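Asks: Following this line is data.pdb, made up of PDB, C-alpha atoms, pLDDT in the B column:
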ATOM      1  CA  MET A   1     -21.997 -19.864  27.681  1.00 76.00           C
ATOM      2  CA  SER A   2     -22.455 -20.526  31.353  1.00 87.00           C
ATOM      3  CA  LYS A   3     -23.655 -18.012  33.886  1.00 90.00           C
ATOM      4  CA  ILE A   4     -20.146 -17.771  35.381  1.00 92.00           C
ATOM      5  CA  VAL A   5     -18.594 -16.729  32.081  1.00 91.00           C
ATOM      6  CA  LYS A   6     -21.354 -14.226  31.429  1.00 89.00           C
ATOM      7  CA  THR A   7     -21.027 -12.669  34.874  1.00 91.00           C
ATOM      8  CA  ILE A   8     -17.245 -12.325  34.689  1.00 91.00           C
ATOM      9  CA  ALA A   9     -17.440 -10.924  31.159  1.00 91.00           C
ATOM     10  CA  ALA A  10     -19.998  -8.353  32.276  1.00 89.00           C
ATOM     11  CA  LEU A  11     -17.716  -7.404  35.169  1.00 92.00           C
ATOM     12  CA  LEU A  12     -14.631  -7.062  32.979  1.00 93.00           C
ATOM     13  CA  PHE A  13     -16.405  -5.196  30.169  1.00 92.00           C
ATOM     14  CA  PRO A  14     -16.346  -1.712  31.773  1.00 93.00           C
ATOM     15  CA  ALA A  15     -12.800  -2.245  33.033  1.00 94.00           C
ATOM     16  CA  CYS A  16     -11.657  -3.072  29.483  1.00 93.00           C
ATOM     17  CA  LEU A  17     -13.367   0.034  28.103  1.00 93.00           C
ATOM     18  CA  VAL A  18     -11.890   2.296  30.781  1.00 95.00           C
ATOM     19  CA  PHE A  19      -8.373   0.936  30.330  1.00 94.00           C
ATOM     20  CA  GLY A  20      -8.644   1.329  26.540  1.00 94.00           C
ATOM     21  CA  ALA A  21      -9.869   4.897  26.953  1.00 93.00           C
ATOM     22  CA  TYR A  22      -6.949   5.568  29.295  1.00 93.00           C
ATOM     23  CA  VAL A  23      -4.424   4.269  26.755  1.00 93.00           C
ATOM     24  CA  VAL A  24      -6.021   6.388  24.006  1.00 93.00           C
ATOM     25  CA  LEU A  25      -6.237   9.600  26.038  1.00 91.00           C
ATOM     26  CA  HIS A  26      -2.675   9.339  27.379  1.00 91.00           C
ATOM     27  CA  GLY A  27      -1.197   8.511  23.968  1.00 88.00           C
ATOM     28  CA  HIS A  28       0.919  11.683  23.999  1.00 87.00           C
ATOM     29  CA  LEU A  29       2.341  10.963  27.482  1.00 88.00           C
ATOM     30  CA  THR A  30       2.742   7.201  27.883  1.00 87.00           C
ATOM     31  CA  PRO A  31       3.406   4.264  25.581  1.00 87.00           C
ATOM     32  CA  GLY A  32       0.369   3.392  23.545  1.00 85.00           C
ATOM     33  CA  GLY A  33      -1.988   5.580  21.592  1.00 86.00           C
ATOM     34  CA  GLY A  34      -4.984   5.388  19.331  1.00 87.00           C
ATOM     35  CA  PHE A  35      -4.248   2.081  17.627  1.00 91.00           C
ATOM     36  CA  GLN A  36      -3.377   0.197  20.804  1.00 93.00           C
ATOM     37  CA  GLY A  37      -6.111   1.720  22.950  1.00 93.00           C
ATOM     38  CA  GLY A  38      -8.716   1.143  20.262  1.00 93.00           C
ATOM     39  CA  ALA A  39      -7.721  -2.512  20.119  1.00 93.00           C
ATOM     40  CA  VAL A  40      -8.084  -2.776  23.906  1.00 94.00           C
ATOM     41  CA  MET A  41     -11.556  -1.237  23.701  1.00 92.00           C
ATOM     42  CA  ALA A  42     -12.478  -3.647  20.905  1.00 91.00           C
ATOM     43  CA  THR A  43     -11.455  -6.456  23.262  1.00 92.00           C
ATOM     44  CA  ALA A  44     -14.378  -5.410  25.430  1.00 90.00           C
ATOM     45  CA  ALA A  45     -16.716  -5.967  22.470  1.00 86.00           C
ATOM     46  CA  ALA A  46     -15.042  -9.330  21.833  1.00 89.00           C
ATOM     47  CA  LEU A  47     -15.641 -10.247  25.476  1.00 90.00           C
ATOM     48  CA  LEU A  48     -19.381  -9.690  25.096  1.00 86.00           C
ATOM     49  CA  LEU A  49     -19.407 -11.638  21.828  1.00 85.00           C
ATOM     50  CA  VAL A  50     -17.557 -14.658  23.191  1.00 86.00           C
ATOM     51  CA  ALA A  51     -19.689 -14.748  26.319  1.00 87.00           C
ATOM     52  CA  GLY A  52     -22.825 -14.501  24.202  1.00 81.00           C
ATOM     53  CA  ILE A  53     -24.243 -11.470  25.988  1.00 79.00           C
ATOM     54  CA  PRO A  54     -27.051 -10.226  23.725  1.00 70.00           C
ATOM     55  CA  LEU A  55     -26.634  -6.515  24.552  1.00 60.00           C
ATOM     56  CA  ALA A  56     -23.884  -6.127  21.998  1.00 54.00           C
ATOM     57  CA  SER A  57     -25.723  -7.295  18.893  1.00 56.00           C
ATOM     58  CA  LYS A  58     -28.169  -4.381  19.087  1.00 63.00           C
ATOM     59  CA  HIS A  59     -25.417  -1.852  18.396  1.00 66.00           C
ATOM     60  CA  GLU A  60     -23.834  -3.710  15.523  1.00 68.00           C
ATOM     61  CA  GLY A  61     -24.687  -1.154  12.859  1.00 74.00           C
ATOM     62  CA  ARG A  62     -23.226   1.691  14.861  1.00 82.00           C
ATOM     63  CA  TYR A  63     -19.683   0.294  14.658  1.00 82.00           C
ATOM     64  CA  HIS A  64     -19.684   0.972  10.913  1.00 83.00           C
ATOM     65  CA  ALA A  65     -20.527   4.585  11.678  1.00 87.00           C
ATOM     66  CA  LEU A  66     -17.861   4.763  14.403  1.00 86.00           C
ATOM     67  CA  GLU A  67     -15.199   3.592  11.990  1.00 87.00           C
ATOM     68  CA  ALA A  68     -16.073   6.133   9.336  1.00 88.00           C
ATOM     69  CA  LEU A  69     -16.383   8.866  11.964  1.00 91.00           C
ATOM     70  CA  GLY A  70     -12.896   8.083  13.291  1.00 90.00           C
ATOM     71  CA  LEU A  71     -11.232   8.298   9.892  1.00 90.00           C
ATOM     72  CA  GLY A  72     -13.150  11.481   9.124  1.00 91.00           C
ATOM     73  CA  LEU A  73     -12.076  13.075  12.398  1.00 90.00           C
ATOM     74  CA  PHE A  74      -8.451  12.143  11.763  1.00 90.00           C
ATOM     75  CA  LEU A  75      -8.553  13.796   8.343  1.00 89.00           C
ATOM     76  CA  PHE A  76     -10.329  16.810   9.832  1.00 89.00           C
ATOM     77  CA  PHE A  77      -7.566  17.384  12.375  1.00 87.00           C
ATOM     78  CA  ALA A  78      -4.983  16.957   9.637  1.00 86.00           C
ATOM     79  CA  PHE A  79      -6.728  19.700   7.644  1.00 86.00           C
ATOM     80  CA  VAL A  80      -6.905  21.949  10.712  1.00 85.00           C
ATOM     81  CA  GLY A  81      -3.196  22.554  10.184  1.00 80.00           C
ATOM     82  CA  LEU A  82      -3.978  24.320   6.912  1.00 82.00           C
ATOM     83  CA  GLY A  83      -6.020  26.917   8.768  1.00 77.00           C
ATOM     84  CA  ALA A  84      -3.091  28.287  10.765  1.00 75.00           C
ATOM     85  CA  ALA A  85      -0.874  31.054   9.503  1.00 71.00           C
ATOM     86  CA  SER A  86       2.214  29.489   7.899  1.00 74.00           C
ATOM     87  CA  GLY A  87       0.546  26.138   8.477  1.00 74.00           C
ATOM     88  CA  SER A  88       0.524  23.033   6.353  1.00 78.00           C
ATOM     89  CA  PHE A  89      -1.214  19.684   6.140  1.00 81.00           C
ATOM     90  CA  PHE A  90      -0.693  17.924   9.512  1.00 81.00           C
ATOM     91  CA  PHE A  91       0.643  21.132  11.094  1.00 82.00           C
ATOM     92  CA  ASN A  92      -0.011  21.040  14.842  1.00 79.00           C
ATOM     93  CA  ALA A  93      -2.211  24.138  14.914  1.00 78.00           C
ATOM     94  CA  LEU A  94      -3.952  23.288  18.202  1.00 78.00           C
ATOM     95  CA  ALA A  95      -0.743  23.040  20.250  1.00 75.00           C
ATOM     96  CA  SER A  96      -1.626  26.322  21.988  1.00 76.00           C
ATOM     97  CA  HIS A  97      -5.422  26.390  21.561  1.00 76.00           C
ATOM     98  CA  GLY A  98      -8.324  24.462  22.935  1.00 77.00           C
ATOM     99  CA  PHE A  99      -8.721  21.608  25.349  1.00 81.00           C
ATOM    100  CA  PHE A 100      -5.290  20.029  24.771  1.00 82.00           C
ATOM    101  CA  GLY A 101      -3.581  23.373  24.193  1.00 79.00           C
ATOM    102  CA  GLN A 102      -1.492  24.084  27.304  1.00 81.00           C
ATOM    103  CA  ALA A 103       2.236  24.658  26.966  1.00 79.00           C
ATOM    104  CA  VAL A 104       4.375  21.632  27.724  1.00 80.00           C
ATOM    105  CA  ALA A 105       7.076  21.905  30.388  1.00 79.00           C
ATOM    106  CA  PRO A 106      10.514  21.428  28.801  1.00 79.00           C
ATOM    107  CA  GLY A 107      12.764  18.602  29.885  1.00 78.00           C
ATOM    108  CA  PRO A 108      11.847  15.367  31.627  1.00 80.00           C
ATOM    109  CA  ASN A 109       8.577  15.713  33.542  1.00 81.00           C
ATOM    110  CA  PRO A 110       5.628  13.518  34.515  1.00 81.00           C
ATOM    111  CA  GLY A 111       3.492  15.131  31.842  1.00 80.00           C
ATOM    112  CA  ASN A 112       0.333  17.180  31.603  1.00 82.00           C
ATOM    113  CA  LEU A 113      -2.746  15.666  29.958  1.00 84.00           C
ATOM    114  CA  HIS A 114      -3.794  19.013  28.456  1.00 84.00           C
ATOM    115  CA  THR A 115      -0.877  19.331  26.046  1.00 82.00           C
ATOM    116  CA  SER A 116       0.099  18.343  22.489  1.00 82.00           C
ATOM    117  CA  GLY A 117      -2.796  19.853  20.520  1.00 82.00           C
ATOM    118  CA  THR A 118      -3.822  17.856  17.461  1.00 86.00           C
ATOM    119  CA  ILE A 119      -1.806  14.797  18.521  1.00 88.00           C
ATOM    120  CA  ALA A 120      -4.219  14.066  21.361  1.00 89.00           C
ATOM    121  CA  TRP A 121      -7.232  14.700  19.130  1.00 89.00           C
ATOM    122  CA  MET A 122      -5.827  12.445  16.409  1.00 90.00           C
ATOM    123  CA  ASN A 123      -5.180   9.718  18.978  1.00 91.00           C
ATOM    124  CA  LEU A 124      -8.827  10.012  19.957  1.00 92.00           C
ATOM    125  CA  ALA A 125      -9.940   9.813  16.309  1.00 93.00           C
ATOM    126  CA  VAL A 126      -7.760   6.790  15.575  1.00 93.00           C
ATOM    127  CA  GLY A 127      -8.981   5.113  18.768  1.00 93.00           C
ATOM    128  CA  ILE A 128     -12.580   5.546  17.638  1.00 93.00           C
ATOM    129  CA  GLU A 129     -11.729   4.202  14.194  1.00 93.00           C
ATOM    130  CA  VAL A 130      -9.906   1.125  15.488  1.00 93.00           C
ATOM    131  CA  LEU A 131     -12.675   0.381  17.987  1.00 91.00           C
ATOM    132  CA  GLY A 132     -15.275   0.558  15.220  1.00 90.00           C
ATOM    133  CA  GLY A 133     -13.200  -1.314  12.653  1.00 91.00           C
ATOM    134  CA  ILE A 134     -12.202  -4.273  14.816  1.00 91.00           C
ATOM    135  CA  SER A 135     -15.731  -4.566  16.172  1.00 89.00           C
ATOM    136  CA  VAL A 136     -17.092  -4.690  12.611  1.00 88.00           C
ATOM    137  CA  ILE A 137     -14.656  -7.510  11.823  1.00 89.00           C
ATOM    138  CA  LEU A 138     -15.597  -9.390  15.001  1.00 88.00           C
ATOM    139  CA  TYR A 139     -19.326  -9.159  14.291  1.00 84.00           C
ATOM    140  CA  ALA A 140     -18.829 -10.113  10.638  1.00 84.00           C
ATOM    141  CA  LEU A 141     -16.881 -13.213  11.731  1.00 85.00           C
ATOM    142  CA  ARG A 142     -19.593 -14.064  14.270  1.00 82.00           C
ATOM    143  CA  GLU A 143     -22.288 -13.795  11.609  1.00 79.00           C
ATOM    144  CA  ALA A 144     -20.240 -15.922   9.220  1.00 80.00           C
ATOM    145  CA  ALA A 145     -19.675 -18.596  11.877  1.00 79.00           C
ATOM    146  CA  ARG A 146     -23.386 -18.583  12.659  1.00 76.00           C
ATOM    147  CA  GLY A 147     -24.261 -18.958   8.993  1.00 70.00           C
ATOM    148  CA  GLU A 148     -21.989 -21.999   8.541  1.00 67.00           C
ATOM    149  CA  GLY A 149     -23.583 -24.185  11.196  1.00 57.00           C
ATOM    150  CA  ASP A 150     -27.266 -23.404  10.785  1.00 52.00           C
ATOM    151  CA  GLY A 151     -28.414 -26.019  13.263  1.00 47.00           C
ATOM    152  CA  LYS A 152     -26.211 -24.771  16.081  1.00 47.00           C
ATOM    153  CA  ALA A 153     -27.308 -22.870  19.150  1.00 47.00           C
ATOM    154  CA  GLU A 154     -27.362 -19.082  18.950  1.00 49.00           C
ATOM    155  CA  GLY A 155     -24.881 -18.324  21.698  1.00 48.00           C
ATOM    156  CA  ASP A 156     -22.328 -20.755  20.345  1.00 46.00           C
ATOM    157  CA  GLY A 157     -20.801 -18.607  17.596  1.00 45.00           C
ATOM    158  CA  LYS A 158     -17.852 -16.388  18.200  1.00 43.00           C
TER
ATOM    159  CA  MET B 159       1.489   7.625 -28.632  1.00 73.00           C
ATOM    160  CA  LYS B 160       2.695  11.149 -28.067  1.00 89.00           C
ATOM    161  CA  LEU B 161       1.057  11.285 -24.641  1.00 91.00           C
ATOM    162  CA  ARG B 162       2.820   8.060 -23.799  1.00 92.00           C
ATOM    163  CA  THR B 163       6.196   9.545 -24.690  1.00 94.00           C
ATOM    164  CA  VAL B 164       5.541  12.578 -22.520  1.00 94.00           C
ATOM    165  CA  LEU B 165       4.459  10.392 -19.598  1.00 95.00           C
ATOM    166  CA  SER B 166       7.550   8.231 -19.944  1.00 95.00           C
ATOM    167  CA  ALA B 167       9.757  11.320 -19.945  1.00 95.00           C
ATOM    168  CA  VAL B 168       8.035  12.592 -16.801  1.00 96.00           C
ATOM    169  CA  ALA B 169       8.491   9.229 -15.111  1.00 96.00           C
ATOM    170  CA  VAL B 170      12.190   9.124 -15.973  1.00 96.00           C
ATOM    171  CA  LEU B 171      12.650  12.687 -14.716  1.00 96.00           C
ATOM    172  CA  LEU B 172      10.849  11.858 -11.460  1.00 96.00           C
ATOM    173  CA  LEU B 173      13.024   8.781 -10.995  1.00 96.00           C
ATOM    174  CA  ALA B 174      16.158  10.846 -11.593  1.00 95.00           C
ATOM    175  CA  ALA B 175      14.966  13.471  -9.112  1.00 94.00           C
ATOM    176  CA  PHE B 176      14.284  10.835  -6.447  1.00 92.00           C
ATOM    177  CA  LEU B 177      17.661   9.194  -7.026  1.00 92.00           C
ATOM    178  CA  ALA B 178      19.420  12.555  -6.804  1.00 91.00           C
ATOM    179  CA  GLU B 179      17.569  13.263  -3.591  1.00 88.00           C
ATOM    180  CA  MET B 180      18.563   9.879  -2.173  1.00 85.00           C
ATOM    181  CA  ALA B 181      22.238  10.694  -2.643  1.00 84.00           C
ATOM    182  CA  GLY B 182      21.886  13.323   0.081  1.00 80.00           C
ATOM    183  CA  LEU B 183      20.339  11.009   2.667  1.00 79.00           C
ATOM    184  CA  VAL B 184      22.080   9.393   5.601  1.00 73.00           C
ATOM    185  CA  PRO B 185      24.166   6.468   4.287  1.00 74.00           C
ATOM    186  CA  PHE B 186      22.420   3.121   4.321  1.00 74.00           C
ATOM    187  CA  GLY B 187      23.209   1.012   7.385  1.00 72.00           C
ATOM    188  CA  ASP B 188      24.696   3.852   9.408  1.00 71.00           C
ATOM    189  CA  PRO B 189      23.040   3.689  12.820  1.00 67.00           C
ATOM    190  CA  PRO B 190      25.832   5.585  14.618  1.00 69.00           C
ATOM    191  CA  SER B 191      24.916   8.727  12.717  1.00 69.00           C
ATOM    192  CA  PRO B 192      22.737  10.368  15.389  1.00 77.00           C
ATOM    193  CA  ALA B 193      21.849  13.635  13.682  1.00 76.00           C
ATOM    194  CA  MET B 194      18.176  12.796  13.163  1.00 77.00           C
ATOM    195  CA  ASP B 195      17.667  11.193  16.575  1.00 81.00           C
ATOM    196  CA  GLU B 196      19.118  14.181  18.349  1.00 85.00           C
ATOM    197  CA  TRP B 197      17.153  16.588  16.209  1.00 85.00           C
ATOM    198  CA  PHE B 198      13.889  14.912  17.228  1.00 86.00           C
ATOM    199  CA  LEU B 199      14.861  14.487  20.879  1.00 86.00           C
ATOM    200  CA  ALA B 200      15.871  18.130  21.164  1.00 86.00           C
ATOM    201  CA  ARG B 201      12.864  19.637  19.395  1.00 85.00           C
ATOM    202  CA  ALA B 202       9.916  17.244  19.631  1.00 84.00           C
ATOM    203  CA  GLN B 203       8.729  18.572  22.970  1.00 83.00           C
ATOM    204  CA  GLU B 204       8.632  22.234  22.042  1.00 82.00           C
ATOM    205  CA  GLU B 205       7.460  21.711  18.457  1.00 81.00           C
ATOM    206  CA  THR B 206       4.626  19.273  19.095  1.00 81.00           C
ATOM    207  CA  GLY B 207       3.900  19.747  22.793  1.00 81.00           C
ATOM    208  CA  ALA B 208       3.924  16.000  23.413  1.00 83.00           C
ATOM    209  CA  ASN B 209       6.095  14.405  26.075  1.00 85.00           C
ATOM    210  CA  ASN B 210       6.034  11.100  24.196  1.00 86.00           C
ATOM    211  CA  VAL B 211       8.492  11.565  21.342  1.00 87.00           C
ATOM    212  CA  VAL B 212       7.369   8.366  19.630  1.00 88.00           C
ATOM    213  CA  THR B 213       3.807   9.667  19.439  1.00 88.00           C
ATOM    214  CA  SER B 214       5.004  13.046  18.244  1.00 87.00           C
ATOM    215  CA  ILE B 215       6.759  11.330  15.340  1.00 88.00           C
ATOM    216  CA  VAL B 216       3.884   8.996  14.504  1.00 88.00           C
ATOM    217  CA  PHE B 217       1.147  11.643  14.642  1.00 88.00           C
ATOM    218  CA  ASP B 218       3.027  14.805  13.715  1.00 86.00           C
ATOM    219  CA  TYR B 219       6.306  14.458  11.831  1.00 86.00           C
ATOM    220  CA  ARG B 220       5.133  11.350  10.001  1.00 87.00           C
ATOM    221  CA  GLY B 221       1.417  12.071  10.039  1.00 86.00           C
ATOM    222  CA  PHE B 222       1.032  10.956   6.440  1.00 88.00           C
ATOM    223  CA  ASP B 223       2.249   7.506   7.417  1.00 90.00           C
ATOM    224  CA  THR B 224      -0.434   7.279  10.092  1.00 90.00           C
ATOM    225  CA  LEU B 225      -3.040   8.532   7.649  1.00 90.00           C
ATOM    226  CA  GLY B 226      -2.037   5.668   5.357  1.00 91.00           C
ATOM    227  CA  GLU B 227      -2.271   3.187   8.211  1.00 90.00           C
ATOM    228  CA  ALA B 228      -5.746   4.412   9.099  1.00 90.00           C
ATOM    229  CA  CYS B 229      -6.802   4.077   5.466  1.00 91.00           C
ATOM    230  CA  VAL B 230      -5.344   0.563   5.295  1.00 93.00           C
ATOM    231  CA  LEU B 231      -7.341  -0.417   8.376  1.00 91.00           C
ATOM    232  CA  PHE B 232     -10.485   1.152   6.917  1.00 91.00           C
ATOM    233  CA  THR B 233     -10.034  -0.698   3.628  1.00 92.00           C
ATOM    234  CA  ALA B 234      -9.302  -4.000   5.390  1.00 92.00           C
ATOM    235  CA  VAL B 235     -12.470  -3.697   7.462  1.00 91.00           C
ATOM    236  CA  LEU B 236     -14.396  -2.799   4.319  1.00 90.00           C
ATOM    237  CA  GLY B 237     -13.110  -5.939   2.635  1.00 91.00           C
ATOM    238  CA  VAL B 238     -13.941  -8.191   5.582  1.00 90.00           C
ATOM    239  CA  ALA B 239     -17.421  -6.721   5.935  1.00 86.00           C
ATOM    240  CA  LEU B 240     -18.010  -7.194   2.217  1.00 87.00           C
ATOM    241  CA  ALA B 241     -16.668 -10.766   2.101  1.00 88.00           C
ATOM    242  CA  LEU B 242     -18.612 -11.878   5.184  1.00 84.00           C
ATOM    243  CA  ARG B 243     -21.816  -9.902   4.630  1.00 76.00           C
ATOM    244  CA  LYS B 244     -25.111 -11.516   5.433  1.00 71.00           C
ATOM    245  CA  ARG B 245     -26.410 -13.728   2.687  1.00 64.00           C
ATOM    246  CA  ASP B 246     -29.879 -14.440   3.992  1.00 59.00           C
ATOM    247  CA  ARG B 247     -31.442 -12.406   1.182  1.00 56.00           C
ATOM    248  CA  GLN B 248     -29.564 -14.277  -1.497  1.00 54.00           C
ATOM    249  CA  SER B 249     -32.697 -15.040  -3.492  1.00 52.00           C
ATOM    250  CA  GLU B 250     -33.179 -11.401  -4.384  1.00 52.00           C
ATOM    251  CA  ILE B 251     -31.487 -10.687  -7.667  1.00 55.00           C
ATOM    252  CA  ALA B 252     -31.159  -6.960  -7.131  1.00 57.00           C
ATOM    253  CA  PRO B 253     -28.066  -6.088  -5.062  1.00 56.00           C
ATOM    254  CA  PRO B 254     -29.126  -5.127  -1.536  1.00 55.00           C
ATOM    255  CA  ALA B 255     -28.642  -1.552  -0.428  1.00 58.00           C
ATOM    256  CA  ASP B 256     -26.530  -2.375   2.629  1.00 57.00           C
ATOM    257  CA  GLU B 257     -23.636  -3.348   0.394  1.00 52.00           C
ATOM    258  CA  GLU B 258     -22.965   0.303  -0.238  1.00 52.00           C
ATOM    259  CA  GLU B 259     -23.158   1.303   3.412  1.00 50.00           C
ATOM    260  CA  ALA B 260     -20.363  -1.030   4.430  1.00 47.00           C
TER
END
Go ahead and express the file in the form of structure tokens.

Replies:
Amino acid sequence: MSKIVKTIAALLFPACLVFGAYVVLHGHLTPGGGFQGGAVMATAAALLLVAGIPLASKHEGRYHALEALGLGLFLFFAFVGLGAASGSFFFNALASHGFFGQAVAPGPNPGNLHTSGTIAWMNLAVGIEVLGGISVILYALREAARGEGDGKAEGDGK
Amino acid sequence: MKLRTVLSAVAVLLLAAFLAEMAGLVPFGDPPSPAMDEWFLARAQEETGANNVVTSIVFDYRGFDTLGEACVLFTAVLGVALALRKRDRQSEIAPPADEEEA
């Protein structure tokens, strides 16, 4: 790809990541959540792929790990509910403990980021999983496209 | 054969239990019945601590559904990674180790 495309992609890459992280972290306050925010963050990886910026291919193996880590974290926070007294699987045991553990103001209000307990943590876990999963798919497709046309230039594949 | 009879009986009993349970649900195609909506709207904030009621349903009340979705995504990615894995070491007969990592 041309220098213009590469420059713009490099400029938009951090903005994509930050916006995706915002959607994930505010999943319990605004529309969106882990699935949507993770997809936005994966768009950043797609941007690098399409523009042919070589930085991304170094971290390819780590996306597998990210995906597994996300699913594991989600299950972990589901099991946390079992630890509480009178708790159950998926019980929101962290609603009054920890980083997201402040009490929510009743009624309509602009919202406080530090509320909702396990919901925020699960959003984070799902965001990590979706980011890893979609990136794995993108890189697998890129490798497959590269394998088909062996004579083609390296930066051409998507 | 005896095991099969027992399993069939269990299946029939389960089916009957589910059908009996379904009789107590909200009638099919009855959107004006607002009991469930109001229940969630009134309690979601204090029970889950989330201002976004949709998220509180997806990640708390129906957490199992989201767990299934996450597993579906995981399995789909697994399938894609397996189907499109690198084939540059095709000549080796022994299955490569990275198949299991995926």

Asks: Tell me, in Å to one decimal, how far atom CA of Tyr22 of chain A is from atom CA of Phe232 of chain B.

Replies: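 Computing it gives 23.1 Å between the two atoms.
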
Asks: When you get a sec, could you note down which chain A residues fall within 6 Å of chain B, using all atoms listed in the file, as a ChimeraX atom specification?

Replies: /A:28-29,104,115-116,119,133,140,144

Asks: Please measure the separation of atom CA of Ser88 of chain A and atom CA of Gly72 of chain A, giving the value in Å to one decimal.

Replies: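 Between atom CA of Ser88 of chain A and atom CA of Gly72 of chain A the gap works out to 18.1 Å.
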
Asks: Could you jot down the atom CA of Leu11 of chain A to atom CA of Gln36 of chain A separation for me, Å, one decimal place?

Replies: 21.7 Å

Asks: Select, from A:Tyr139, A:Phe79, A:Phe99, A:Trp121, the residue with the minimum atom-to-atom distance to Gly34 of chain A, counting all atoms listed in the file.

Replies: A:Trp121

Asks: Compare A:Gly20, A:Gly147, A:Gly27, A:Gly61 by their minimum atom-to-atom distance to Gly117 of chain A, counting only C-alpha atoms, and give me the closest one.

Replies: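 That would be A:Gly27, the residue with the smallest distance to Gly117 of chain A.
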
Asks: In terms of the shortest atom-to-atom distance over all atoms listed in the file, which of B:Leu177, B:Lys160, B:Ala202, B:Gly226 is closest to Asn92 of chain A?

Replies: B:Ala202

Asks: Centre and edge lengths of an axis-aligned box around all listed atoms of segment 84-93 of chain A, with 3 Å added on each side, are to be given in Å to one decimal, as AutoDock Vina command-line options.

Replies:
--center_x -0.4 --center_y 24.5 --center_z 10.5 --size_x 11.3 --size_y 19.1 --size_z 14.8

Asks: When you count all atoms listed in the file, which of these residues is closest to Pro108 of chain A: B:Val230, B:Met180, B:Leu199, B:Leu173?

Replies: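 Between B:Val230, B:Met180, B:Leu199, B:Leu173, the residue approaching Pro108 of chain A most closely is B:Leu199.
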
Asks: Smallest atom-to-atom distance to Ala68 of chain A: which of A:Ala145, A:Ala10, A:Val126, A:Ile4, using only C-alpha atoms?

Replies: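 Smallest distance to Ala68 of chain A is found for A:Val126.
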
Asks: Mind telling me what the PyMOL selection byres ((chain A and resi 127) around 8) catches here, as a PDB file with C-alpha atoms, keeping the file's coordinate frame?

Replies:
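Saved the output as expr_29.pdb:
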ATOM      1  CA  VAL A  24      -6.021   6.388  24.006  1.00 93.00           C
ATOM      2  CA  GLY A  33      -1.988   5.580  21.592  1.00 86.00           C
ATOM      3  CA  GLY A  34      -4.984   5.388  19.331  1.00 87.00           C
ATOM      4  CA  PHE A  35      -4.248   2.081  17.627  1.00 91.00           C
ATOM      5  CA  GLN A  36      -3.377   0.197  20.804  1.00 93.00           C
ATOM      6  CA  GLY A  37      -6.111   1.720  22.950  1.00 93.00           C
ATOM      7  CA  GLY A  38      -8.716   1.143  20.262  1.00 93.00           C
ATOM      8  CA  ALA A  39      -7.721  -2.512  20.119  1.00 93.00           C
ATOM      9  CA  GLY A  70     -12.896   8.083  13.291  1.00 90.00           C
ATOM     10  CA  ASN A 123      -5.180   9.718  18.978  1.00 91.00           C
ATOM     11  CA  LEU A 124      -8.827  10.012  19.957  1.00 92.00           C
ATOM     12  CA  ALA A 125      -9.940   9.813  16.309  1.00 93.00           C
ATOM     13  CA  VAL A 126      -7.760   6.790  15.575  1.00 93.00           C
ATOM     14  CA  ILE A 128     -12.580   5.546  17.638  1.00 93.00           C
ATOM     15  CA  GLU A 129     -11.729   4.202  14.194  1.00 93.00           C
ATOM     16  CA  VAL A 130      -9.906   1.125  15.488  1.00 93.00           C
ATOM     17  CA  LEU A 131     -12.675   0.381  17.987  1.00 91.00           C
TER      18      LEU A 131
END

Asks: Do you know which residues are at most 12 Å from Pro14 of chain A counting all atoms listed in the file, after dropping those on the same chain fewer than 3 positions away, and could you put them as number ranges by chain?

Replies: A: 8-11, 17-21, 40-45, 47-48

Asks: Missing atoms in segment 210-217 of chain B need filling: write out N, CA, C and O atoms for it as a short mmCIF file (atom, residue, chain, number, x, y, z; two decimals), in the frame of the given file.

Replies:
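Saved to selection_21.cif:
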data_model
loop_
_atom_site.label_atom_id
_atom_site.label_comp_id
_atom_site.auth_asym_id
_atom_site.auth_seq_id
_atom_site.Cartn_x
_atom_site.Cartn_y
_atom_site.Cartn_z
N ASN B 210 5.69 12.38 24.79
CA ASN B 210 6.03 11.10 24.20
C ASN B 210 6.58 11.34 22.78
O ASN B 210 5.81 11.64 21.86
N VAL B 211 7.89 11.23 22.64
CA VAL B 211 8.49 11.56 21.34
C VAL B 211 8.04 10.59 20.26
O VAL B 211 7.87 10.99 19.10
N VAL B 212 7.84 9.34 20.63
CA VAL B 212 7.37 8.37 19.63
C VAL B 212 6.03 8.81 19.05
O VAL B 212 5.83 8.83 17.83
N THR B 213 5.11 9.21 19.92
CA THR B 213 3.81 9.67 19.44
C THR B 213 3.94 10.93 18.61
O THR B 213 3.25 11.10 17.61
N SER B 214 4.85 11.82 19.02
CA SER B 214 5.00 13.05 18.24
C SER B 214 5.51 12.75 16.84
O SER B 214 5.17 13.46 15.90
N ILE B 215 6.30 11.68 16.68
CA ILE B 215 6.76 11.33 15.34
C ILE B 215 5.63 10.67 14.56
O ILE B 215 5.36 11.01 13.41
N VAL B 216 4.92 9.75 15.22
CA VAL B 216 3.88 9.00 14.50
C VAL B 216 2.74 9.90 14.07
O VAL B 216 2.24 9.79 12.96
N PHE B 217 2.33 10.85 14.95
CA PHE B 217 1.15 11.64 14.64
C PHE B 217 1.47 13.03 14.13
O PHE B 217 0.57 13.76 13.76
#
